[in-house]
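In what follows, a structure is listed as structure tokens, so that the remarks can point back to it.
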Amino acid sequence: MARTQGSNGQETAKRIDEVALKLFAKKGYAAVSMREIALEVGVQAGALYNHCPNKQALLTNLLADHMQALLDAWSDMELPKDPAQQLEAFVRFHIQYHLKRPDQVFISYMELRNLEPDNFKKIEALRRQYEAIPKNILAAGQMAGQFNLADTHVAAMAILAQLTGVTTWYREQGRLSQQKIEDIYVQLVCQSVGITLSGGH
């Protein structure tokens with residue numbers, strides 16, 4: 001799945017990724033052809049294969065790049081030691097990161113079914129790494145006696161589904177600001193684990 005190197009090659013590869021992402025999100029993976037992607041990029045269909053061997057590899061690259069960038073962004077965060085504050089930081093991080101990337105989020109969930117088994121395993125491993133973040137926060141809070149949970153795994157998956165769902169309905173010009181929505185979700189998530197954060201949330 002190696003991409004062409006060099007400045008021109010990198011620019012073309014970036015453009016291919018951008019176009020494929022847009023078309024997959026708009027029409028669905030199955031309905032988009034490599035020829036259509038090439039036409040939108042402005043290259044011959046044959047030239048597309050110099051950058052990516054097939055459509056399956058292109059989808060896998062997009063999903064892997066999204067998950068790796070997400071993991072890298074979280075690893076750059078400076079976190080407090082308190083699990084309750086870590087949970088708040090995670091809620092805000094997840095919402096902020098995903099609202100900026102609605103197309104990536106959409107295909108990451110809708111197009112998993114179109115991955116071949118080996119590629120699915122690769123993406124699933126990255127997803128498990130990210131899912132481990134809220135699990136570990138919840139486990140730490142449970143151990144410290146801060147959180148009241150029946151099952152940390154179920155709670156973590158419920159929280160992730162709740163937070164990711166924001167991308168399906170949030171509108172920048174909507175009734176509430178993103179900041180206010182983050183505050184509400186922090187309150188909801190914290191209440192779900194049996195805590196109330198101080199500071200007006």
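We name chains A, B, ... following the order of the structure tokens; residues begin at 1 in each chain, and ligands are numbered from 1 as shown.
If you count only C-alpha atoms and ignore residues fewer than 5 places along the chain from Glu40 (chain A), what sits within 9 Å of it is A:Ile16, A:Val19, A:Arg35.
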Region 68-78 of chain A surroundings by only C-alpha atoms, 10 Å radius, close-in-sequence under 4 positions cut, as a PDB file with all heavy atoms, in the first residue's frame:
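And here is the file that came out, part_32.pdb:
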```pdb
ATOM      1  N   LEU A  63      -8.898   4.737   6.425  1.00  0.00           N
ATOM      2  CA  LEU A  63      -9.335   4.375   7.767  1.00  0.00           C
ATOM      3  C   LEU A  63      -8.149   4.281   8.729  1.00  0.00           C
ATOM      4  O   LEU A  63      -8.243   4.711   9.881  1.00  0.00           O
ATOM      5  CB  LEU A  63     -10.096   3.051   7.735  1.00  0.00           C
ATOM      6  CG  LEU A  63     -11.385   3.028   6.911  1.00  0.00           C
ATOM      7  CD1 LEU A  63     -12.100   1.699   7.067  1.00  0.00           C
ATOM      8  CD2 LEU A  63     -12.316   4.164   7.291  1.00  0.00           C
ATOM      9  N   ALA A  64      -7.048   3.719   8.256  1.00  0.00           N
ATOM     10  CA  ALA A  64      -5.860   3.591   9.105  1.00  0.00           C
ATOM     11  C   ALA A  64      -5.271   4.964   9.431  1.00  0.00           C
ATOM     12  O   ALA A  64      -4.880   5.226  10.581  1.00  0.00           O
ATOM     13  CB  ALA A  64      -4.807   2.718   8.414  1.00  0.00           C
ATOM     14  N   GLN A  86      -9.612  13.452  33.855  1.00  0.00           N
ATOM     15  CA  GLN A  86      -9.214  12.776  32.614  1.00  0.00           C
ATOM     16  C   GLN A  86     -10.446  12.449  31.762  1.00  0.00           C
ATOM     17  O   GLN A  86     -10.423  12.592  30.539  1.00  0.00           O
ATOM     18  CB  GLN A  86      -8.461  11.492  32.927  1.00  0.00           C
ATOM     19  CG  GLN A  86      -7.055  11.694  33.449  1.00  0.00           C
ATOM     20  CD  GLN A  86      -6.352  10.378  33.722  1.00  0.00           C
ATOM     21  OE1 GLN A  86      -6.830   9.303  33.355  1.00  0.00           O
ATOM     22  NE2 GLN A  86      -5.205  10.448  34.375  1.00  0.00           N
ATOM     23  N   ALA A  89     -11.580  15.535  30.096  1.00  0.00           N
ATOM     24  CA  ALA A  89     -10.662  15.858  29.001  1.00  0.00           C
ATOM     25  C   ALA A  89     -10.932  14.965  27.792  1.00  0.00           C
ATOM     26  O   ALA A  89     -10.898  15.422  26.643  1.00  0.00           O
ATOM     27  CB  ALA A  89      -9.216  15.697  29.469  1.00  0.00           C
ATOM     28  N   PHE A  90     -11.215  13.695  28.049  1.00  0.00           N
ATOM     29  CA  PHE A  90     -11.488  12.771  26.944  1.00  0.00           C
ATOM     30  C   PHE A  90     -12.775  13.159  26.218  1.00  0.00           C
ATOM     31  O   PHE A  90     -12.823  13.146  24.979  1.00  0.00           O
ATOM     32  CB  PHE A  90     -11.591  11.337  27.453  1.00  0.00           C
ATOM     33  CG  PHE A  90     -11.912  10.354  26.359  1.00  0.00           C
ATOM     34  CD1 PHE A  90     -10.926   9.917  25.495  1.00  0.00           C
ATOM     35  CD2 PHE A  90     -13.212   9.901  26.174  1.00  0.00           C
ATOM     36  CE1 PHE A  90     -11.220   9.036  24.462  1.00  0.00           C
ATOM     37  CE2 PHE A  90     -13.511   9.021  25.139  1.00  0.00           C
ATOM     38  CZ  PHE A  90     -12.514   8.584  24.283  1.00  0.00           C
ATOM     39  N   PHE A  93     -12.028  16.220  24.136  1.00  0.00           N
ATOM     40  CA  PHE A  93     -11.124  15.861  23.032  1.00  0.00           C
ATOM     41  C   PHE A  93     -11.877  15.127  21.931  1.00  0.00           C
ATOM     42  O   PHE A  93     -11.756  15.459  20.747  1.00  0.00           O
ATOM     43  CB  PHE A  93      -9.987  14.981  23.556  1.00  0.00           C
ATOM     44  CG  PHE A  93      -9.196  14.308  22.467  1.00  0.00           C
ATOM     45  CD1 PHE A  93      -8.172  14.976  21.816  1.00  0.00           C
ATOM     46  CD2 PHE A  93      -9.491  12.996  22.084  1.00  0.00           C
ATOM     47  CE1 PHE A  93      -7.450  14.351  20.800  1.00  0.00           C
ATOM     48  CE2 PHE A  93      -8.780  12.367  21.074  1.00  0.00           C
ATOM     49  CZ  PHE A  93      -7.757  13.051  20.429  1.00  0.00           C
ATOM     50  N   HIS A  94     -12.650  14.126  22.306  1.00  0.00           N
ATOM     51  CA  HIS A  94     -13.348  13.309  21.316  1.00  0.00           C
ATOM     52  C   HIS A  94     -14.323  14.153  20.492  1.00  0.00           C
ATOM     53  O   HIS A  94     -14.358  14.039  19.259  1.00  0.00           O
ATOM     54  CB  HIS A  94     -14.103  12.179  22.019  1.00  0.00           C
ATOM     55  CG  HIS A  94     -14.673  11.168  21.077  1.00  0.00           C
ATOM     56  ND1 HIS A  94     -14.029   9.996  20.748  1.00  0.00           N
ATOM     57  CD2 HIS A  94     -15.847  11.152  20.378  1.00  0.00           C
ATOM     58  CE1 HIS A  94     -14.775   9.311  19.900  1.00  0.00           C
ATOM     59  NE2 HIS A  94     -15.884   9.987  19.653  1.00  0.00           N
ATOM     60  N   TYR A  97     -12.280  16.729  18.222  1.00  0.00           N
ATOM     61  CA  TYR A  97     -11.555  16.082  17.134  1.00  0.00           C
ATOM     62  C   TYR A  97     -12.514  15.582  16.051  1.00  0.00           C
ATOM     63  O   TYR A  97     -12.291  15.800  14.857  1.00  0.00           O
ATOM     64  CB  TYR A  97     -10.730  14.916  17.677  1.00  0.00           C
ATOM     65  CG  TYR A  97      -9.757  14.346  16.669  1.00  0.00           C
ATOM     66  CD1 TYR A  97      -8.437  14.802  16.617  1.00  0.00           C
ATOM     67  CD2 TYR A  97     -10.147  13.378  15.740  1.00  0.00           C
ATOM     68  CE1 TYR A  97      -7.544  14.300  15.685  1.00  0.00           C
ATOM     69  CE2 TYR A  97      -9.268  12.876  14.807  1.00  0.00           C
ATOM     70  CZ  TYR A  97      -7.959  13.334  14.785  1.00  0.00           C
ATOM     71  OH  TYR A  97      -7.078  12.839  13.849  1.00  0.00           O
ATOM     72  N   HIS A  98     -13.589  14.940  16.473  1.00  0.00           N
ATOM     73  CA  HIS A  98     -14.482  14.314  15.503  1.00  0.00           C
ATOM     74  C   HIS A  98     -15.369  15.312  14.765  1.00  0.00           C
ATOM     75  O   HIS A  98     -15.699  15.093  13.593  1.00  0.00           O
ATOM     76  CB  HIS A  98     -15.321  13.238  16.190  1.00  0.00           C
ATOM     77  CG  HIS A  98     -14.545  11.996  16.504  1.00  0.00           C
ATOM     78  ND1 HIS A  98     -13.605  11.946  17.508  1.00  0.00           N
ATOM     79  CD2 HIS A  98     -14.561  10.766  15.931  1.00  0.00           C
ATOM     80  CE1 HIS A  98     -13.076  10.731  17.547  1.00  0.00           C
ATOM     81  NE2 HIS A  98     -13.631  10.006  16.603  1.00  0.00           N
ATOM     82  N   ILE A 123      -7.561  -2.451  10.947  1.00  0.00           N
ATOM     83  CA  ILE A 123      -8.310  -1.288  11.429  1.00  0.00           C
ATOM     84  C   ILE A 123      -8.909  -1.574  12.796  1.00  0.00           C
ATOM     85  O   ILE A 123      -8.924  -0.704  13.680  1.00  0.00           O
ATOM     86  CB  ILE A 123      -9.415  -0.894  10.429  1.00  0.00           C
ATOM     87  CG1 ILE A 123      -8.811  -0.601   9.043  1.00  0.00           C
ATOM     88  CG2 ILE A 123     -10.195   0.315  10.944  1.00  0.00           C
ATOM     89  CD1 ILE A 123      -7.703   0.437   9.038  1.00  0.00           C
ATOM     90  N   LEU A 126      -6.478  -0.925  15.577  1.00  0.00           N
ATOM     91  CA  LEU A 126      -6.340   0.500  15.885  1.00  0.00           C
ATOM     92  C   LEU A 126      -7.540   1.001  16.677  1.00  0.00           C
ATOM     93  O   LEU A 126      -7.394   1.791  17.622  1.00  0.00           O
ATOM     94  CB  LEU A 126      -6.183   1.306  14.589  1.00  0.00           C
ATOM     95  CG  LEU A 126      -4.889   1.084  13.810  1.00  0.00           C
ATOM     96  CD1 LEU A 126      -4.966   1.761  12.442  1.00  0.00           C
ATOM     97  CD2 LEU A 126      -3.687   1.625  14.591  1.00  0.00           C
ATOM     98  N   ARG A 127      -8.715   0.538  16.319  1.00  0.00           N
ATOM     99  CA  ARG A 127      -9.923   0.933  17.046  1.00  0.00           C
ATOM    100  C   ARG A 127      -9.875   0.439  18.492  1.00  0.00           C
ATOM    101  O   ARG A 127     -10.289   1.152  19.415  1.00  0.00           O
ATOM    102  CB  ARG A 127     -11.169   0.394  16.334  1.00  0.00           C
ATOM    103  CG  ARG A 127     -11.457   1.091  15.001  1.00  0.00           C
ATOM    104  CD  ARG A 127     -12.518   0.337  14.216  1.00  0.00           C
ATOM    105  NE  ARG A 127     -13.805   0.401  14.870  1.00  0.00           N
ATOM    106  CZ  ARG A 127     -14.727   1.349  14.657  1.00  0.00           C
ATOM    107  NH1 ARG A 127     -14.476   2.335  13.803  1.00  0.00           N
ATOM    108  NH2 ARG A 127     -15.891   1.329  15.280  1.00  0.00           N
ATOM    109  N   GLN A 129      -7.231   0.043  20.251  1.00  0.00           N
ATOM    110  CA  GLN A 129      -6.293   0.911  20.974  1.00  0.00           C
ATOM    111  C   GLN A 129      -7.001   2.164  21.480  1.00  0.00           C
ATOM    112  O   GLN A 129      -6.769   2.608  22.608  1.00  0.00           O
ATOM    113  CB  GLN A 129      -5.130   1.313  20.078  1.00  0.00           C
ATOM    114  CG  GLN A 129      -4.136   0.211  19.781  1.00  0.00           C
ATOM    115  CD  GLN A 129      -2.976   0.724  18.942  1.00  0.00           C
ATOM    116  OE1 GLN A 129      -2.406   1.782  19.217  1.00  0.00           O
ATOM    117  NE2 GLN A 129      -2.638  -0.003  17.888  1.00  0.00           N
ATOM    118  N   TYR A 130      -7.847   2.731  20.637  1.00  0.00           N
ATOM    119  CA  TYR A 130      -8.555   3.948  21.050  1.00  0.00           C
ATOM    120  C   TYR A 130      -9.612   3.635  22.093  1.00  0.00           C
ATOM    121  O   TYR A 130      -9.788   4.397  23.058  1.00  0.00           O
ATOM    122  CB  TYR A 130      -9.185   4.636  19.838  1.00  0.00           C
ATOM    123  CG  TYR A 130      -9.758   5.996  20.190  1.00  0.00           C
ATOM    124  CD1 TYR A 130      -8.914   7.062  20.498  1.00  0.00           C
ATOM    125  CD2 TYR A 130     -11.132   6.202  20.235  1.00  0.00           C
ATOM    126  CE1 TYR A 130      -9.425   8.298  20.839  1.00  0.00           C
ATOM    127  CE2 TYR A 130     -11.649   7.441  20.573  1.00  0.00           C
ATOM    128  CZ  TYR A 130     -10.793   8.488  20.872  1.00  0.00           C
ATOM    129  OH  TYR A 130     -11.307   9.719  21.227  1.00  0.00           O
ATOM    130  N   ILE A 133      -8.594   3.668  25.721  1.00  0.00           N
ATOM    131  CA  ILE A 133      -8.367   4.930  26.438  1.00  0.00           C
ATOM    132  C   ILE A 133      -9.484   5.195  27.443  1.00  0.00           C
ATOM    133  O   ILE A 133      -9.210   5.344  28.642  1.00  0.00           O
ATOM    134  CB  ILE A 133      -8.204   6.096  25.435  1.00  0.00           C
ATOM    135  CG1 ILE A 133      -6.928   5.914  24.606  1.00  0.00           C
ATOM    136  CG2 ILE A 133      -8.172   7.434  26.186  1.00  0.00           C
ATOM    137  CD1 ILE A 133      -6.838   6.829  23.406  1.00  0.00           C
TER     138      ILE A 133
END
```
So that each row is one residue of region 21-130 of chain A with an atom at most 9 Å from region 173-191 of chain A, can you give its shortest atom pair and the distance in Å to one decimal, using only C-alpha atoms, rows by chain and rising number, as a tab-separated table?
```
residue	atom	partner	partner_atom	distance
A:Ala84	CA	A:Cys190	CA	7.8
A:Leu87	CA	A:Cys190	CA	7.8
A:Glu88	CA	A:Val186	CA	5.8
A:Ala89	CA	A:Val186	CA	8.8
A:Val91	CA	A:Val186	CA	6.2
A:Arg92	CA	A:Glu182	CA	5.9
A:Ile95	CA	A:Glu182	CA	7.1
A:Gln96	CA	A:Gln178	CA	8.3
```
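When only C-alpha atoms are used to compute distances to Phe120 (chain A), the closest of the residues A:Leu48, A:Ala25, A:Ile195, A:Leu59 turns out to be A:Leu59.
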Contacts of Leu58 (chain A) at 12 Å or less, counting only C-alpha atoms, minus same-chain residues fewer than 5 places along, as a JSON list (two decimals) with C-alpha atoms, in the first residue's frame?
```json
[["chain", "number", "residue", "atom", "x", "y", "z"],
["A", 1, "MET", "CA", 0.00, 0.00, 0.00],
["A", 2, "ALA", "CA", 3.03, 2.23, -0.29],
["A", 3, "ARG", "CA", 2.41, 5.60, -1.80],
["A", 13, "ALA", "CA", -1.46, 11.06, -3.15],
["A", 14, "LYS", "CA", -2.93, 13.65, -0.79],
["A", 16, "ILE", "CA", -6.37, 11.16, -4.17],
["A", 17, "ASP", "CA", -7.08, 10.63, -0.47],
["A", 18, "GLU", "CA", -9.14, 13.84, -0.29],
["A", 19, "VAL", "CA", -11.22, 12.94, -3.34],
["A", 20, "ALA", "CA", -11.72, 9.33, -2.29],
["A", 21, "LEU", "CA", -12.80, 10.43, 1.18],
["A", 24, "PHE", "CA", -16.89, 7.47, -0.30],
["A", 29, "TYR", "CA", -17.57, 2.85, -1.15],
["A", 32, "VAL", "CA", -17.42, 4.70, -6.36],
["A", 33, "SER", "CA", -14.98, 3.46, -9.02],
["A", 34, "MET", "CA", -11.26, 4.08, -9.32],
["A", 37, "ILE", "CA", -11.71, 9.02, -8.42],
["A", 48, "LEU", "CA", -3.97, 6.22, -9.95],
["A", 49, "TYR", "CA", -2.49, 2.77, -9.54],
["A", 50, "ASN", "CA", 0.99, 4.26, -9.19],
["A", 51, "HIS", "CA", -0.19, 5.66, -5.88],
["A", 52, "CYS", "CA", -2.56, 2.96, -4.64],
["A", 53, "PRO", "CA", -2.92, -0.58, -6.03],
["A", 63, "LEU", "CA", -9.33, 4.37, 7.77],
["A", 64, "ALA", "CA", -5.86, 3.59, 9.10],
["A", 65, "ASP", "CA", -4.68, 7.19, 8.66],
["A", 114, "ASN", "CA", -16.45, -3.37, 3.06],
["A", 115, "LEU", "CA", -12.98, -4.18, 4.34],
["A", 119, "ASN", "CA", -7.64, -5.17, 6.38]]
```
> Looking at A:Ala150, A:Leu99, A:Ile107, A:Leu79, which one is nearest to Lys22 (chain A), with distances taken over only C-alpha atoms?
Replying inline: A:Ile107
>> Need to verify the contact set: Asp151 (chain A), 12 Å, only C-alpha atoms, exclusion of same-chain residues closer than 5 positions in sequence. Can you return it as an MDAnalysis selection string?
In response: chainID A and resid 135 138:139 142 156:158 192:193
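Interatomic distance, CA of Pro102 (chain A) to CA of Thr167 (chain A): 6.1 Å.
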>> Can you tell me, as JSON, numbers by chain, which residues in region 54-174 of chain A count as alpha helix (DSSP H) by DSSP?
In response: {"A": [55, 56, 57, 58, 59, 60, 61, 62, 63, 64, 65, 66, 67, 68, 69, 70, 71, 72, 73, 74, 75, 83, 84, 85, 86, 87, 88, 89, 90, 91, 92, 93, 94, 95, 96, 97, 98, 99, 102, 103, 104, 105, 106, 107, 108, 109, 110, 117, 118, 119, 120, 121, 122, 123, 124, 125, 126, 127, 128, 129, 130, 131, 132, 133, 134, 135, 136, 137, 138, 139, 140, 141, 142, 143, 152, 153, 154, 155, 156, 157, 158, 159, 160, 161, 162, 163, 164, 166, 167, 168, 169]}
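Closest to Met110 (chain A) among A:Arg171, A:His153, A:Lys26, A:Lys122 is A:Lys26, based on only C-alpha atoms.
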